[in-house]
Amino acid sequence: MLVLPIASSFPSLVSMSLYQGTIFIDGNGNFTPASGVVGGSGTPSDPFVIAGWTIIASSGPGIQIRNTNAYFVIRDVAIRDGSPTNPGVWLQGVANGQVLRVASTGNRYGIVIQNSDNLTVSASEVRLNDYEGISVTNSTRIVLADSHILDNGLYGVHVLDTPSANLTGNTIGGNGYLSATPIEVFFEAAPAAVFADNLLLSQGASGVYLSASPNGIVRGNSVANHSFAVFLESSDSTRVVGNSFSSNGFALYVHSESVSVSDNVFRDNEYGLYLFQRGNATIEGNQFSAFGGKGVVVWGSERNRIRTNHFNYTGVLLEGTTVNDFDSHEIASSNFVNGRPLRYYHDCGPLSLDGQPTGQLLVSNCTGFRASNLTIGQTDVAVELAYVQDAVLQHNVLWGSYYGLRLIASSGIVATQNSFALNSAQVSGKDRETWDAGYPSGGNYWSDYGGTDDCSGVLQDICPDADGIGDTAYSVSNAGIDRYPTVRPFNAPPLPLAASFTVLPASGDTSSFFVLNASASSDPSGPDSGILVRWDFDGDGIWDTDWSLTKTATHRFDEPGSHTVRLEITDGRGRIANMTHEIFVAPVRFLGLEIPLAIVVLSGFAILIAVGSVLSFRWFRRRRELVALRFGTQPHGKG
């Protein structure tokens, strides 16, 4: 006989009896044995109990309770096959209820709560329902906790016109596959919502969307591989604290006022925090790392406070259309970019920055600013000058960033004898500035310069006579011409290595094989092919592989949870760089139950194969059927 361990948080299928028909209770007096009640008297200490049933919901809602305030609990119940019209559980105008260890699968909705108060859904499985997994409308004191909400057609959870809803400790993923813009969890007009300690698995669009839901808390969640991990729209004064965002398009998109973002970890997102138009945000104590991605982008937003953040291979990028978008912020030198202070100057007169350790330089609304002998690299923008007049940049090394130098509404800029190396855009700007000091002082070094050095002279027509200056001019984007580009860099020490790796899939379970790919790691002194790599799969400080030129590795994690993978690279000449990545691993699930991957009991092997084949066939047939459905009237009147 095959014995599967039953997770205590979910119903045991073998303990349930098939209930002939559905359950309908209207009013306190209808909690009776005839309506599936197996015990209790309806008091806080002795609630009515509906338990132990498997319900086929093809003829109506699986369990429908309305117009009651008696205490009740629905537990250890499985409800299925309500598609395409019937919800699994429908609670309307009720109070003081619990839904505990309930599996609602293959219905129109998994669980519907309307006009109700003081309800808790916990330790339940809400999966493969046509429309919404859990729908909450116009209710109060609602808690959704420690449940698996997976693979539902539209939203995993939709909370509408409900204050102080609390979603804690849930595993959510794969929802919204029937929507062009899928959303896992949607808070709509739901002020003071709490979304805490949840795990959001791989998906394509939005993880958590708060719309018109101010004063919320998004805390301690892990969100990976979403287009938008968290989206705040008109949800002012929301706090985003202690979350982990990994491999998302936009980890946190904010179009709200006075938001607080603190103590979060942003790894390998295309955009870490994108703050759009609204302002007065506080961004502090976060960690941002993204080789090739953006850290904090502030677009058209004013009066933000950015402090005590740590940026690796990324930084802060200011965008906008007015001077206030650039000069109204508080950006402290307590922010560190690649271990060096971020320096922000605004509304200043003549000022000189010479040779000081600088991870990033942002200058706004200043005149006569001078920067020299700085080495800045591997960030969003090495130097940004916005609304700056008559600045001088000389003897700097600006390298390995998305923008080497970014000019916005600035004029009179003189940049000579600098080294621009390996930036995606060496210079971004529209005004024609000065890029050389004439001959023979020369201009700047540009790593993408394609000219030769065969000649010398003001006209570079004395040949052959190499002089270290290119024979042809260099076009500096739309910002002018460097007439005398040098062919050797100025002030350029050996540039550091850049460690980077990706993980596919971004999250999985204990059966998943994760492919770790460090091919994007780079050696500015080259060649990249000579980089050696090694891996520590569990972050314990002990290397699990030897040094190798092979940039990829495959690994499976035996234990569920969060795992920190560490990469170390070297050029073999003493230079070393490191990078870590957090991977979220869920347990393998079978029939909604958590099981160890290695369970194989030989005496029951044939049973496992037979049961698994039937359920797999029904599972995938259901998935195909859902795609073809045409939805009818929704329980809460919204399509």
# chains A, B, ... in the order shown; residues from 1 in each chain; ligands from 1

$ residues_around --residues "segment 228-234 of chain A" --least-positions-apart "5" --cutoff "7 Å" --atoms "only C-alpha atoms" --output "mmCIF file with C-alpha atoms, in the first residue's frame"
data_model
loop_
_atom_site.group_PDB
_atom_site.id
_atom_site.type_symbol
_atom_site.label_atom_id
_atom_site.label_comp_id
_atom_site.auth_asym_id
_atom_site.auth_seq_id
_atom_site.Cartn_x
_atom_site.Cartn_y
_atom_site.Cartn_z
ATOM 1 C CA ALA A 205 2.351 40.452 -15.505
ATOM 2 C CA SER A 206 1.514 42.085 -12.170
ATOM 3 C CA GLY A 207 2.116 40.393 -8.859
ATOM 4 C CA VAL A 208 0.318 42.827 -6.532
ATOM 5 C CA TYR A 209 -1.676 45.787 -7.818
ATOM 6 C CA LEU A 210 -2.980 48.378 -5.345
ATOM 7 C CA SER A 211 -5.405 50.824 -6.958
ATOM 8 C CA ALA A 212 -6.985 53.645 -4.939
ATOM 9 C CA SER A 213 -5.927 51.778 -1.807
ATOM 10 C CA VAL A 223 8.201 38.188 -5.673
ATOM 11 C CA ASN A 248 11.173 41.246 -12.415
ATOM 12 C CA GLY A 249 10.605 43.792 -15.170
ATOM 13 C CA PHE A 250 9.514 46.526 -12.745
ATOM 14 C CA ALA A 251 10.028 45.361 -9.174
ATOM 15 C CA LEU A 252 8.167 48.328 -7.653
ATOM 16 C CA TYR A 253 6.249 50.830 -9.769
ATOM 17 C CA VAL A 254 4.944 53.797 -7.781
ATOM 18 C CA HIS A 255 2.381 56.292 -9.026
ATOM 19 C CA SER A 256 1.347 57.402 -5.551
#

$ closest_atom_pairs --of "segment 243-314 of chain A" --to "segment 501-519 of chain A" --cutoff "9 Å" --atoms "only C-alpha atoms" --output "JSON lines"
{"residue": "A:Ser246", "atom": "CA", "partner": "A:Ala506", "partner_atom": "CA", "distance": 7.7}
{"residue": "A:Ser247", "atom": "CA", "partner": "A:Ala506", "partner_atom": "CA", "distance": 6.8}
{"residue": "A:Asp268", "atom": "CA", "partner": "A:Thr502", "partner_atom": "CA", "distance": 7.9}
{"residue": "A:Phe291", "atom": "CA", "partner": "A:Phe501", "partner_atom": "CA", "distance": 8.5}

$ residues_around --residues "segment 577-586 of chain A" --least-positions-apart "5" --cutoff "8 Å" --atoms "only C-alpha atoms" --output "ChimeraX atom specification"
/A:222,246,267,496-501,506-510,557,559-570

$ closest_residue --among "A:Glu319, A:Asp482, A:Glu257, A:Glu302" --to "Trp435 of chain A" --atoms "only C-alpha atoms"
A:Asp482

$ select_by_dssp --residues "segment 256-346 of chain A" --states "alpha helix (DSSP H)" --output "list of chain:residue names"
A:Asn324, A:Asp325, A:Phe326, A:Asp327

$ write_last_selection --atoms "C-alpha atoms" --output "mmCIF file, in the first residue's frame"
data_model
loop_
_atom_site.group_PDB
_atom_site.id
_atom_site.type_symbol
_atom_site.label_atom_id
_atom_site.label_comp_id
_atom_site.auth_asym_id
_atom_site.auth_seq_id
_atom_site.Cartn_x
_atom_site.Cartn_y
_atom_site.Cartn_z
ATOM 1 C CA ASN A 324 12.271 70.807 -9.914
ATOM 2 C CA ASP A 325 12.271 67.221 -11.116
ATOM 3 C CA PHE A 326 16.036 67.259 -10.607
ATOM 4 C CA ASP A 327 16.944 69.730 -7.856
#

$ atom_distance --atom1 "atom CA of Leu532 of chain A" --atom2 "atom CA of Tyr313 of chain A"
19.8 Å

$ residues_around --residues "Asn335 of chain A" --least-positions-apart "5" --cutoff "12 Å" --atoms "only C-alpha atoms" --output "PyMOL selection string"
chain A and resi 283-288+296+305-312+314-316+330+340-344+358-361

$ residues_around --residues "Ser59 of chain A" --least-positions-apart "6" --cutoff "12 Å" --atoms "only C-alpha atoms" --output "PyMOL selection string"
chain A and resi 20-24+80-88+107

$ closest_atom_pairs --of "segment 391-470 of chain A" --to "segment 375-378 of chain A" --cutoff "6 Å" --atoms "only C-alpha atoms" --output "Markdown table"
| residue | atom | partner | partner_atom | distance |
| --- | --- | --- | --- | --- |
| A:Asn396 | CA | A:Thr375 | CA | 5.8 |
| A:Val397 | CA | A:Thr375 | CA | 4.6 |
| A:Leu398 | CA | A:Ile376 | CA | 5.1 |
| A:Trp399 | CA | A:Gly377 | CA | 4.6 |
| A:Gly400 | CA | A:Gln378 | CA | 4.7 |
| A:Ser401 | CA | A:Gln378 | CA | 4.5 |

$ write_last_selection --atoms "N, CA, C and O atoms" --output "compact mmCIF listing (two decimals), in the first residue's frame"
# COMPACT_ATOMS: atom_id res chain seq x y z
N ASN A 396 38.71 62.45 -15.89
CA ASN A 396 37.84 61.46 -15.24
C ASN A 396 37.78 60.18 -16.07
O ASN A 396 37.98 60.20 -17.29
N VAL A 397 37.49 59.08 -15.40
CA VAL A 397 37.25 57.81 -16.07
C VAL A 397 35.78 57.44 -15.82
O VAL A 397 35.39 57.18 -14.68
N LEU A 398 34.99 57.46 -16.87
CA LEU A 398 33.57 57.14 -16.79
C LEU A 398 33.36 55.89 -17.62
O LEU A 398 33.46 55.92 -18.84
N TRP A 399 33.02 54.79 -16.95
CA TRP A 399 33.11 53.51 -17.65
C TRP A 399 32.02 52.53 -17.23
O TRP A 399 31.45 52.62 -16.14
N GLY A 400 31.71 51.60 -18.11
CA GLY A 400 30.89 50.44 -17.81
C GLY A 400 29.50 50.74 -17.31
O GLY A 400 28.90 49.90 -16.63
N SER A 401 28.93 51.89 -17.65
CA SER A 401 27.60 52.27 -17.18
C SER A 401 26.62 52.34 -18.35
O SER A 401 27.02 52.26 -19.52

$ residues_around --residues "Asp546 of chain A" --least-positions-apart "2" --cutoff "9 Å" --atoms "only C-alpha atoms" --output "VMD selection string"
chain A and resid 533 to 535 543 to 544 548

$ atom_distance --atom1 "atom CA of Arg370 of chain A" --atom2 "atom CA of Pro489 of chain A"
20.3 Å

$ atom_distance --atom1 "atom CA of Ser328 of chain A" --atom2 "atom CA of Phe369 of chain A"
18.1 Å

$ closest_residue --among "A:His395, A:His226, A:His555, A:Arg432" --to "Thr416 of chain A" --atoms "only C-alpha atoms"
A:His395

$ closest_atom_pairs --of "segment 88-195 of chain A" --to "segment 67-76 of chain A" --cutoff "12 Å" --atoms "only C-alpha atoms" --output "Markdown table"
| residue | atom | partner | partner_atom | distance |
| --- | --- | --- | --- | --- |
| A:Gly88 | CA | A:Ile74 | CA | 12.0 |
| A:Val89 | CA | A:Ile74 | CA | 9.5 |
| A:Trp90 | CA | A:Ile74 | CA | 11.6 |
| A:Leu91 | CA | A:Asn67 | CA | 8.8 |
| A:Gln92 | CA | A:Asn67 | CA | 6.6 |
| A:Gly93 | CA | A:Asn67 | CA | 4.8 |
| A:Val94 | CA | A:Thr68 | CA | 4.7 |
| A:Ala95 | CA | A:Asn69 | CA | 4.7 |
| A:Asn96 | CA | A:Tyr71 | CA | 4.9 |
| A:Gly97 | CA | A:Phe72 | CA | 4.9 |
| A:Gln98 | CA | A:Val73 | CA | 4.5 |
| A:Val99 | CA | A:Ile74 | CA | 4.8 |
| A:Leu100 | CA | A:Arg75 | CA | 4.5 |
| A:Arg101 | CA | A:Asp76 | CA | 5.0 |
| A:Val102 | CA | A:Asp76 | CA | 5.4 |
| A:Ala103 | CA | A:Asp76 | CA | 7.9 |
| A:Ser104 | CA | A:Asp76 | CA | 10.9 |
| A:Ile111 | CA | A:Ile74 | CA | 11.9 |
| A:Gln114 | CA | A:Asn67 | CA | 10.7 |
| A:Asn115 | CA | A:Asn67 | CA | 9.6 |
| A:Ser116 | CA | A:Asn67 | CA | 9.0 |
| A:Asp117 | CA | A:Asn69 | CA | 8.9 |
| A:Asn118 | CA | A:Asn69 | CA | 9.7 |
| A:Leu119 | CA | A:Val73 | CA | 9.7 |
| A:Thr120 | CA | A:Val73 | CA | 9.3 |
| A:Val121 | CA | A:Ile74 | CA | 9.4 |
| A:Ser122 | CA | A:Arg75 | CA | 9.6 |
| A:Ala123 | CA | A:Arg75 | CA | 9.6 |
| A:Ser124 | CA | A:Asp76 | CA | 8.9 |
| A:Glu125 | CA | A:Asp76 | CA | 10.7 |

$ residues_around --residues "Ala391 of chain A" --least-positions-apart "4" --cutoff "7 Å" --atoms "only C-alpha atoms" --output "compact mmCIF listing (two decimals) with N, CA, C and O atoms, in the first residue's frame"
# COMPACT_ATOMS: atom_id res chain seq x y z
N THR A 367 25.99 76.17 -11.41
CA THR A 367 26.81 76.94 -12.35
C THR A 367 28.28 76.84 -11.93
O THR A 367 28.61 76.92 -10.75
N GLY A 368 29.15 76.64 -12.92
CA GLY A 368 30.58 76.62 -12.64
C GLY A 368 31.06 75.39 -11.88
O GLY A 368 32.06 75.46 -11.16
N PHE A 369 30.38 74.27 -12.04
CA PHE A 369 30.79 73.04 -11.34
C PHE A 369 31.99 72.42 -12.06
O PHE A 369 32.04 72.39 -13.29
N ARG A 370 32.93 71.89 -11.27
CA ARG A 370 34.12 71.28 -11.86
C ARG A 370 34.33 69.90 -11.22
O ARG A 370 34.34 69.77 -9.99
N GLY A 412 27.30 75.05 -22.09
CA GLY A 412 28.63 75.52 -21.73
C GLY A 412 29.49 74.44 -21.08
O GLY A 412 30.39 74.75 -20.31
N ILE A 413 29.25 73.19 -21.39
CA ILE A 413 30.00 72.09 -20.78
C ILE A 413 31.29 71.88 -21.55
O ILE A 413 31.29 71.77 -22.78
N VAL A 414 32.40 71.79 -20.81
CA VAL A 414 33.70 71.50 -21.40
C VAL A 414 34.19 70.19 -20.81
O VAL A 414 34.40 70.08 -19.59

$ closest_residue --among "A:Leu201, A:Val381, A:Ala332, A:Ile113" --to "Leu144 of chain A" --atoms "only C-alpha atoms"
A:Ile113

$ select_by_dssp --residues "segment 130-225 of chain A" --states "strand (DSSP E)" --output "ChimeraX atom specification"
/A:134-137,140-145,148-150,157-160,166-168,171-173,183-188,194-196,199-200,206-211,217-219,222-224
